[in-house]
Amino acid sequence: MASSSLPATGYAAGVAVVILNWNGRRWLEQFLPSVLAHSDAARIVVADNASTDDSVAWLRAHYPEQVQVLRLAENFGFCQGYNHALRELPGYAYYVLLNSDVEVTPGWLRPQLQLLAERPAAAAVQPKIRAFHAKTEFEYAGAAGGYLDRLGYPFCRGRLFDTLETDQGQYDDARPVAWATGACMLVRAEAWHALQGLEPAFFAHMEEIDLCWRLWNAGHEVWYHGGSTVYHVGGGTLHKSNPRKTYLNFRNGLALLYKNLAPGELWPTLLQRTLLDLAAAAQLLAKGQTGDFQAILRAHWHFWQKLGYWRQRRALAKPHLRAAQRPGTYNGSLVWAYFAQGKRRFSELLP
């Protein structure tokens with residue numbers, strides 16, 4: 001692993017903005033200028049996941065002094081990519097996990113840093129995430145802060161399933177949430193390293209939910225701050241109907257629950273989720289989506305096959321908070337509310 005060393009001074013000194021890249025030169029070319037222009041002297045780092053395009057050569061040709069490049073030995077995926085990269089960045093107070101397809105805005109870091117400065121218990125915070133190609137709408141991956149229903153299904157203020165709200169200032173507040181998006185998350189370095197970063201076996205998808213759930217279990221807080229806005233393209237790696245993405249979402253969804261649910265809530269919740277997953281698989285099969293159907297079955301098989309590993313990870317996560325004790329929890333079924341009751345807006349679920 002090779003890196004360059006750059007001093008960081010200014011408002012955001014002590015902050016490393018880390019962009020994980022894999023064959024993403026087009027995103028770097030499009031969005032890196034906004035990061036460099038608006039990040040208040042934070043260190044800008046691109047961790048390259050063994051790209052086979054000319055990303056690294058392009059960075060060194062265009063930003064040899066402004067951007068630190070970490071070259072990873074192989075494509076470790078999102079989780080281990082960040083785990084490896086952040087181990088190579090000691091001495092920082094904060095890290096920002098920032099997707100390469102995100103356009104930041106002037107002053108985007110300041111409200112989030114101020115929140116963490118004022119709330120020592122807060123360990124992670126995300127800004128408002130709006131869609132790059134529909135800039136008045138919230139974006140799927142994070143919107144205005146992440147929530148979970150009682151069965152562990154994730155959703156956001158501003159996004160229920162695929163229904164996205166228009167931003168009319170309804171979520172301009174700051175509040176604790178269940179999870180902050182990995183598309184743009186500011187996290188205390190001390191808390192990150194204490195929890196050993198992202199779950200390595202996830203590869204990608206739901207890793208930020210798992211991290212934030214472990215932060216809550218460890219006594220930290222996770223926040224959303226609507227005073228900061230970024231724009232996310234989204235869907236740049238795997239299309240939402242890709243069987244690989246279906247597999248990761250369903251497998252990691254089971255592991256997420258097993259690792260983090262409080263004793264007494266674990267097995268009843270896992271049983272209900274399993275039944276709903278099988279119902280979803282049957283529906284996909286009926287639609288002729290055999291690849292996604294097989295992906296769900298494979299996800300369940302691989303989860304139970306590795307139960308010994310997940311049991312060890314559960315012991316490390318030290319789950320103890322019940323659903324009612326965790327901010328950002330909807331004490332109902334999102335599936336029922338959305339599909340049976342026709343609720344399409346966050347305000348119809350929670351105030």
# chains A, B, ... in the order shown; residues from 1 in each chain; ligands from 1
>>> select_by_dssp(residues="stretch 10-153 of chain A", states="strand (DSSP E or B)", output="PyMOL selection string")
chain A and resi 15-21+43-48+67-71+94-98+102-104+122-131+134-138+146-149
>>> residues_around(residues="A:His193", least_positions_apart="3", cutoff="10 Å", atoms="only C-alpha atoms", output="ChimeraX atom specification")
/A:83,86-87,90,188-190,196-198
>>> closest_atom_pairs(of="stretch 212-266 of chain A", to="stretch 138-157 of chain A", cutoff="8 Å", atoms="only C-alpha atoms", output="CSV")
residue,atom,partner,partner_atom,distance
A:Trp223,CA,A:Gly145,CA,7.6
A:Tyr224,CA,A:Gly145,CA,5.4
A:Gly226,CA,A:Ala144,CA,7.0
A:Tyr231,CA,A:Glu139,CA,7.9
A:His232,CA,A:Glu139,CA,6.8
A:Gly234,CA,A:Ala141,CA,7.1
A:Gly253,CA,A:Gly152,CA,7.8
A:Leu257,CA,A:Gly152,CA,6.7
>>> write_last_selection(atoms="all heavy atoms", output="short mmCIF file (atom, residue, chain, number, x, y, z; two decimals), in the first residue's frame")
data_model
loop_
_atom_site.label_atom_id
_atom_site.label_comp_id
_atom_site.auth_asym_id
_atom_site.auth_seq_id
_atom_site.Cartn_x
_atom_site.Cartn_y
_atom_site.Cartn_z
N TRP A 223 -26.50 10.88 14.46
CA TRP A 223 -27.34 12.03 14.16
C TRP A 223 -27.47 12.29 12.67
O TRP A 223 -26.65 11.84 11.86
CB TRP A 223 -26.76 13.28 14.82
CG TRP A 223 -27.08 13.37 16.30
CD1 TRP A 223 -26.57 12.59 17.30
CD2 TRP A 223 -27.97 14.29 16.93
NE1 TRP A 223 -27.09 12.96 18.51
CE2 TRP A 223 -27.95 14.00 18.32
CE3 TRP A 223 -28.77 15.33 16.47
CZ2 TRP A 223 -28.71 14.72 19.24
CZ3 TRP A 223 -29.53 16.06 17.38
CH2 TRP A 223 -29.50 15.75 18.75
N TYR A 224 -28.50 13.07 12.36
CA TYR A 224 -28.71 13.69 11.06
C TYR A 224 -28.71 15.19 11.25
O TYR A 224 -29.25 15.69 12.25
CB TYR A 224 -30.05 13.23 10.47
CG TYR A 224 -30.61 14.17 9.41
CD1 TYR A 224 -30.19 14.10 8.09
CD2 TYR A 224 -31.58 15.12 9.75
CE1 TYR A 224 -30.71 14.96 7.13
CE2 TYR A 224 -32.10 15.98 8.79
CZ TYR A 224 -31.67 15.90 7.50
OH TYR A 224 -32.18 16.76 6.55
N GLY A 226 -29.81 18.54 9.08
CA GLY A 226 -30.41 19.09 7.87
C GLY A 226 -29.86 20.43 7.45
O GLY A 226 -30.28 20.97 6.41
N TYR A 231 -25.34 16.18 -2.83
CA TYR A 231 -26.13 15.57 -3.90
C TYR A 231 -25.46 14.28 -4.35
O TYR A 231 -24.27 14.25 -4.68
CB TYR A 231 -26.24 16.55 -5.08
CG TYR A 231 -26.95 17.83 -4.73
CD1 TYR A 231 -26.23 18.96 -4.35
CD2 TYR A 231 -28.34 17.90 -4.74
CE1 TYR A 231 -26.88 20.14 -4.00
CE2 TYR A 231 -29.00 19.07 -4.40
CZ TYR A 231 -28.27 20.18 -4.02
OH TYR A 231 -28.91 21.35 -3.68
N HIS A 232 -26.25 13.20 -4.38
CA HIS A 232 -25.72 11.86 -4.64
C HIS A 232 -26.32 11.30 -5.93
O HIS A 232 -27.55 11.34 -6.12
CB HIS A 232 -26.07 10.95 -3.46
CG HIS A 232 -25.51 9.58 -3.54
ND1 HIS A 232 -26.15 8.47 -3.02
CD2 HIS A 232 -24.36 9.10 -4.09
CE1 HIS A 232 -25.42 7.39 -3.23
NE2 HIS A 232 -24.34 7.75 -3.90
N GLY A 234 -25.92 7.92 -6.95
CA GLY A 234 -26.48 6.65 -6.49
C GLY A 234 -26.58 5.61 -7.59
O GLY A 234 -26.64 5.92 -8.78
N GLY A 253 -29.06 -8.39 5.65
CA GLY A 253 -30.20 -8.05 6.48
C GLY A 253 -30.40 -9.02 7.63
O GLY A 253 -30.69 -8.63 8.77
N LEU A 257 -29.61 -8.23 11.84
CA LEU A 257 -30.51 -8.52 12.95
C LEU A 257 -29.85 -9.44 13.97
O LEU A 257 -29.94 -9.20 15.18
CB LEU A 257 -31.80 -9.16 12.43
CG LEU A 257 -32.66 -8.32 11.50
CD1 LEU A 257 -33.86 -9.11 11.04
CD2 LEU A 257 -33.09 -7.03 12.17
#
>>> closest_residue(among="A:Glu118, A:Glu221, A:Glu199, A:Glu348", to="A:Arg314", atoms="only C-alpha atoms")
A:Glu199
>>> residues_around(residues="A:Tyr171", least_positions_apart="2", cutoff="12 Å", atoms="only C-alpha atoms", output="ChimeraX atom specification")
/A:127-130,137-138,143-145,156-159,165-169,173-175,224-229,346-347,351
>>> select_by_dssp(residues="stretch 93-329 of chain A", states="alpha helix (DSSP H)", output="PyMOL selection string")
chain A and resi 110-118+189-194+207-217+243-260+266-286+290-305+307-317
>>> residues_around(residues="A:Ser34", least_positions_apart="6", cutoff="9 Å", atoms="only C-alpha atoms", output="list in words")
Glu103, Val104, Thr105 and Pro106 of chain A
>>> write_last_selection(atoms="all heavy atoms", output="PDB file, in the first residue's frame")
ATOM      1  N   GLU A 103     -21.697  15.166  -4.969  1.00  0.00           N
ATOM      2  CA  GLU A 103     -21.335  16.573  -5.116  1.00  0.00           C
ATOM      3  C   GLU A 103     -21.610  17.271  -3.784  1.00  0.00           C
ATOM      4  O   GLU A 103     -22.746  17.265  -3.301  1.00  0.00           O
ATOM      5  CB  GLU A 103     -22.161  17.224  -6.220  1.00  0.00           C
ATOM      6  CG  GLU A 103     -21.866  18.708  -6.405  1.00  0.00           C
ATOM      7  CD  GLU A 103     -22.767  19.349  -7.435  1.00  0.00           C
ATOM      8  OE1 GLU A 103     -24.002  19.396  -7.206  1.00  0.00           O
ATOM      9  OE2 GLU A 103     -22.250  19.789  -8.479  1.00  0.00           O
ATOM     10  N   VAL A 104     -20.581  17.843  -3.180  1.00  0.00           N
ATOM     11  CA  VAL A 104     -20.759  18.555  -1.916  1.00  0.00           C
ATOM     12  C   VAL A 104     -21.010  20.032  -2.198  1.00  0.00           C
ATOM     13  O   VAL A 104     -20.814  20.517  -3.313  1.00  0.00           O
ATOM     14  CB  VAL A 104     -19.542  18.365  -0.983  1.00  0.00           C
ATOM     15  CG1 VAL A 104     -19.287  16.881  -0.728  1.00  0.00           C
ATOM     16  CG2 VAL A 104     -18.290  19.032  -1.551  1.00  0.00           C
ATOM     17  N   THR A 105     -21.450  20.759  -1.179  1.00  0.00           N
ATOM     18  CA  THR A 105     -21.811  22.160  -1.315  1.00  0.00           C
ATOM     19  C   THR A 105     -20.971  23.006  -0.367  1.00  0.00           C
ATOM     20  O   THR A 105     -20.382  22.475   0.589  1.00  0.00           O
ATOM     21  CB  THR A 105     -23.306  22.349  -1.007  1.00  0.00           C
ATOM     22  OG1 THR A 105     -23.574  21.890   0.329  1.00  0.00           O
ATOM     23  CG2 THR A 105     -24.175  21.582  -1.995  1.00  0.00           C
ATOM     24  N   PRO A 106     -20.891  24.320  -0.577  1.00  0.00           N
ATOM     25  CA  PRO A 106     -20.090  25.166   0.312  1.00  0.00           C
ATOM     26  C   PRO A 106     -20.505  25.015   1.773  1.00  0.00           C
ATOM     27  O   PRO A 106     -21.685  25.053   2.104  1.00  0.00           O
ATOM     28  CB  PRO A 106     -20.383  26.583  -0.205  1.00  0.00           C
ATOM     29  CG  PRO A 106     -20.694  26.399  -1.660  1.00  0.00           C
ATOM     30  CD  PRO A 106     -21.439  25.090  -1.719  1.00  0.00           C
TER      31      PRO A 106
END
>>> closest_residue(among="A:Arg71, A:Ile44, A:Gln114, A:Thr52", to="A:Leu97", atoms="only C-alpha atoms")
A:Ile44
>>> residues_around(residues="stretch 320-326 of chain A", least_positions_apart="4", cutoff="12 Å", atoms="only C-alpha atoms", output="ChimeraX atom specification")
/A:147-152,176-179,212-222,257,259-266,269,314-316,330-332
>>> closest_residue(among="A:Leu116, A:Asn99, A:Asn249, A:Tyr82", to="A:Ala183", atoms="only C-alpha atoms")
A:Asn99
>>> closest_residue(among="A:Trp304, A:Tyr95, A:Phe161, A:Phe202", to="A:Arg345", atoms="only C-alpha atoms")
A:Phe161
>>> closest_residue(among="A:Leu72, A:Val67, A:Ala191, A:Ala122", to="A:Ala93", atoms="only C-alpha atoms")
A:Ala191
>>> decode(residues="stretch 159-170 of chain A", atoms="all heavy atoms", output="CSV table (one decimal), in the first residue's frame")
chain,number,residue,atom,x,y,z
A,159,ARG,N,-37.9,9.0,2.3
A,159,ARG,CA,-37.9,7.9,1.4
A,159,ARG,C,-38.4,6.6,2.1
A,159,ARG,O,-37.9,6.1,3.0
A,159,ARG,CB,-36.5,7.6,0.9
A,159,ARG,CG,-36.4,6.5,-0.2
A,159,ARG,CD,-36.2,5.1,0.4
A,159,ARG,NE,-34.9,4.9,1.0
A,159,ARG,CZ,-34.5,3.8,1.6
A,159,ARG,NH1,-35.4,2.8,1.7
A,159,ARG,NH2,-33.3,3.7,2.2
A,160,LEU,N,-39.6,6.2,1.6
A,160,LEU,CA,-40.1,4.9,2.0
A,160,LEU,C,-40.1,4.0,0.8
A,160,LEU,O,-40.7,4.3,-0.2
A,160,LEU,CB,-41.6,5.0,2.5
A,160,LEU,CG,-41.9,6.0,3.6
A,160,LEU,CD1,-43.3,5.9,4.0
A,160,LEU,CD2,-41.0,5.8,4.8
A,161,PHE,N,-39.3,2.9,0.9
A,161,PHE,CA,-39.1,2.0,-0.3
A,161,PHE,C,-38.6,2.8,-1.4
A,161,PHE,O,-37.6,3.5,-1.3
A,161,PHE,CB,-40.3,1.1,-0.6
A,161,PHE,CG,-40.6,0.0,0.4
A,161,PHE,CD1,-41.6,0.1,1.4
A,161,PHE,CD2,-39.8,-1.1,0.4
A,161,PHE,CE1,-41.7,-0.9,2.3
A,161,PHE,CE2,-39.9,-2.1,1.4
A,161,PHE,CZ,-40.9,-2.0,2.3
A,162,ASP,N,-39.3,2.8,-2.6
A,162,ASP,CA,-38.8,3.6,-3.7
A,162,ASP,C,-39.6,4.9,-3.9
A,162,ASP,O,-39.4,5.6,-4.9
A,162,ASP,CB,-39.0,2.8,-5.0
A,162,ASP,CG,-38.1,1.6,-5.1
A,162,ASP,OD1,-37.0,1.7,-4.5
A,162,ASP,OD2,-38.4,0.6,-5.8
A,163,THR,N,-40.4,5.3,-2.9
A,163,THR,CA,-41.1,6.6,-3.0
A,163,THR,C,-40.3,7.7,-2.3
A,163,THR,O,-40.0,7.6,-1.1
A,163,THR,CB,-42.4,6.5,-2.2
A,163,THR,OG1,-43.2,5.4,-2.9
A,163,THR,CG2,-43.2,7.8,-2.3
A,164,LEU,N,-39.9,8.7,-3.1
A,164,LEU,CA,-39.0,9.8,-2.6
A,164,LEU,C,-39.8,11.1,-2.5
A,164,LEU,O,-40.6,11.4,-3.4
A,164,LEU,CB,-37.9,10.0,-3.6
A,164,LEU,CG,-37.0,8.8,-3.8
A,164,LEU,CD1,-36.0,9.0,-5.0
A,164,LEU,CD2,-36.1,8.5,-2.6
A,165,GLU,N,-39.6,11.8,-1.4
A,165,GLU,CA,-40.3,13.0,-1.2
A,165,GLU,C,-39.5,14.2,-1.8
A,165,GLU,O,-38.3,14.1,-2.0
A,165,GLU,CB,-40.5,13.3,0.3
A,165,GLU,CG,-41.4,12.3,1.0
A,165,GLU,CD,-41.5,12.7,2.5
A,165,GLU,OE1,-41.4,13.9,2.8
A,165,GLU,OE2,-41.6,11.8,3.3
A,166,THR,N,-40.2,15.3,-2.1
A,166,THR,CA,-39.6,16.5,-2.5
A,166,THR,C,-39.1,17.3,-1.3
A,166,THR,O,-39.9,17.3,-0.3
A,166,THR,CB,-40.5,17.4,-3.4
A,166,THR,OG1,-40.8,16.7,-4.6
A,166,THR,CG2,-39.9,18.7,-3.7
A,167,ASP,N,-38.0,17.8,-1.3
A,167,ASP,CA,-37.5,18.6,-0.1
A,167,ASP,C,-38.1,20.0,-0.1
A,167,ASP,O,-37.9,20.8,-1.0
A,167,ASP,CB,-36.0,18.7,-0.2
A,167,ASP,CG,-35.4,19.5,1.0
A,167,ASP,OD1,-36.1,19.7,2.0
A,167,ASP,OD2,-34.2,19.8,1.0
A,168,GLN,N,-39.0,20.2,0.9
A,168,GLN,CA,-39.7,21.5,1.0
A,168,GLN,C,-39.3,22.1,2.4
A,168,GLN,O,-40.0,22.9,3.0
A,168,GLN,CB,-41.2,21.3,0.9
A,168,GLN,CG,-41.6,20.8,-0.5
A,168,GLN,CD,-43.1,20.5,-0.6
A,168,GLN,OE1,-43.7,20.0,0.4
A,168,GLN,NE2,-43.6,20.8,-1.7
A,169,GLY,N,-38.1,21.7,2.9
A,169,GLY,CA,-37.7,22.2,4.2
A,169,GLY,C,-38.3,21.4,5.4
A,169,GLY,O,-38.0,21.8,6.5
A,170,GLN,N,-39.0,20.3,5.1
A,170,GLN,CA,-39.6,19.6,6.2
A,170,GLN,C,-38.6,18.9,7.1
A,170,GLN,O,-39.0,18.5,8.2
A,170,GLN,CB,-40.7,18.6,5.7
A,170,GLN,CG,-40.2,17.5,4.8
A,170,GLN,CD,-40.1,17.8,3.4
A,170,GLN,OE1,-39.6,18.8,3.0
A,170,GLN,NE2,-40.5,16.8,2.5
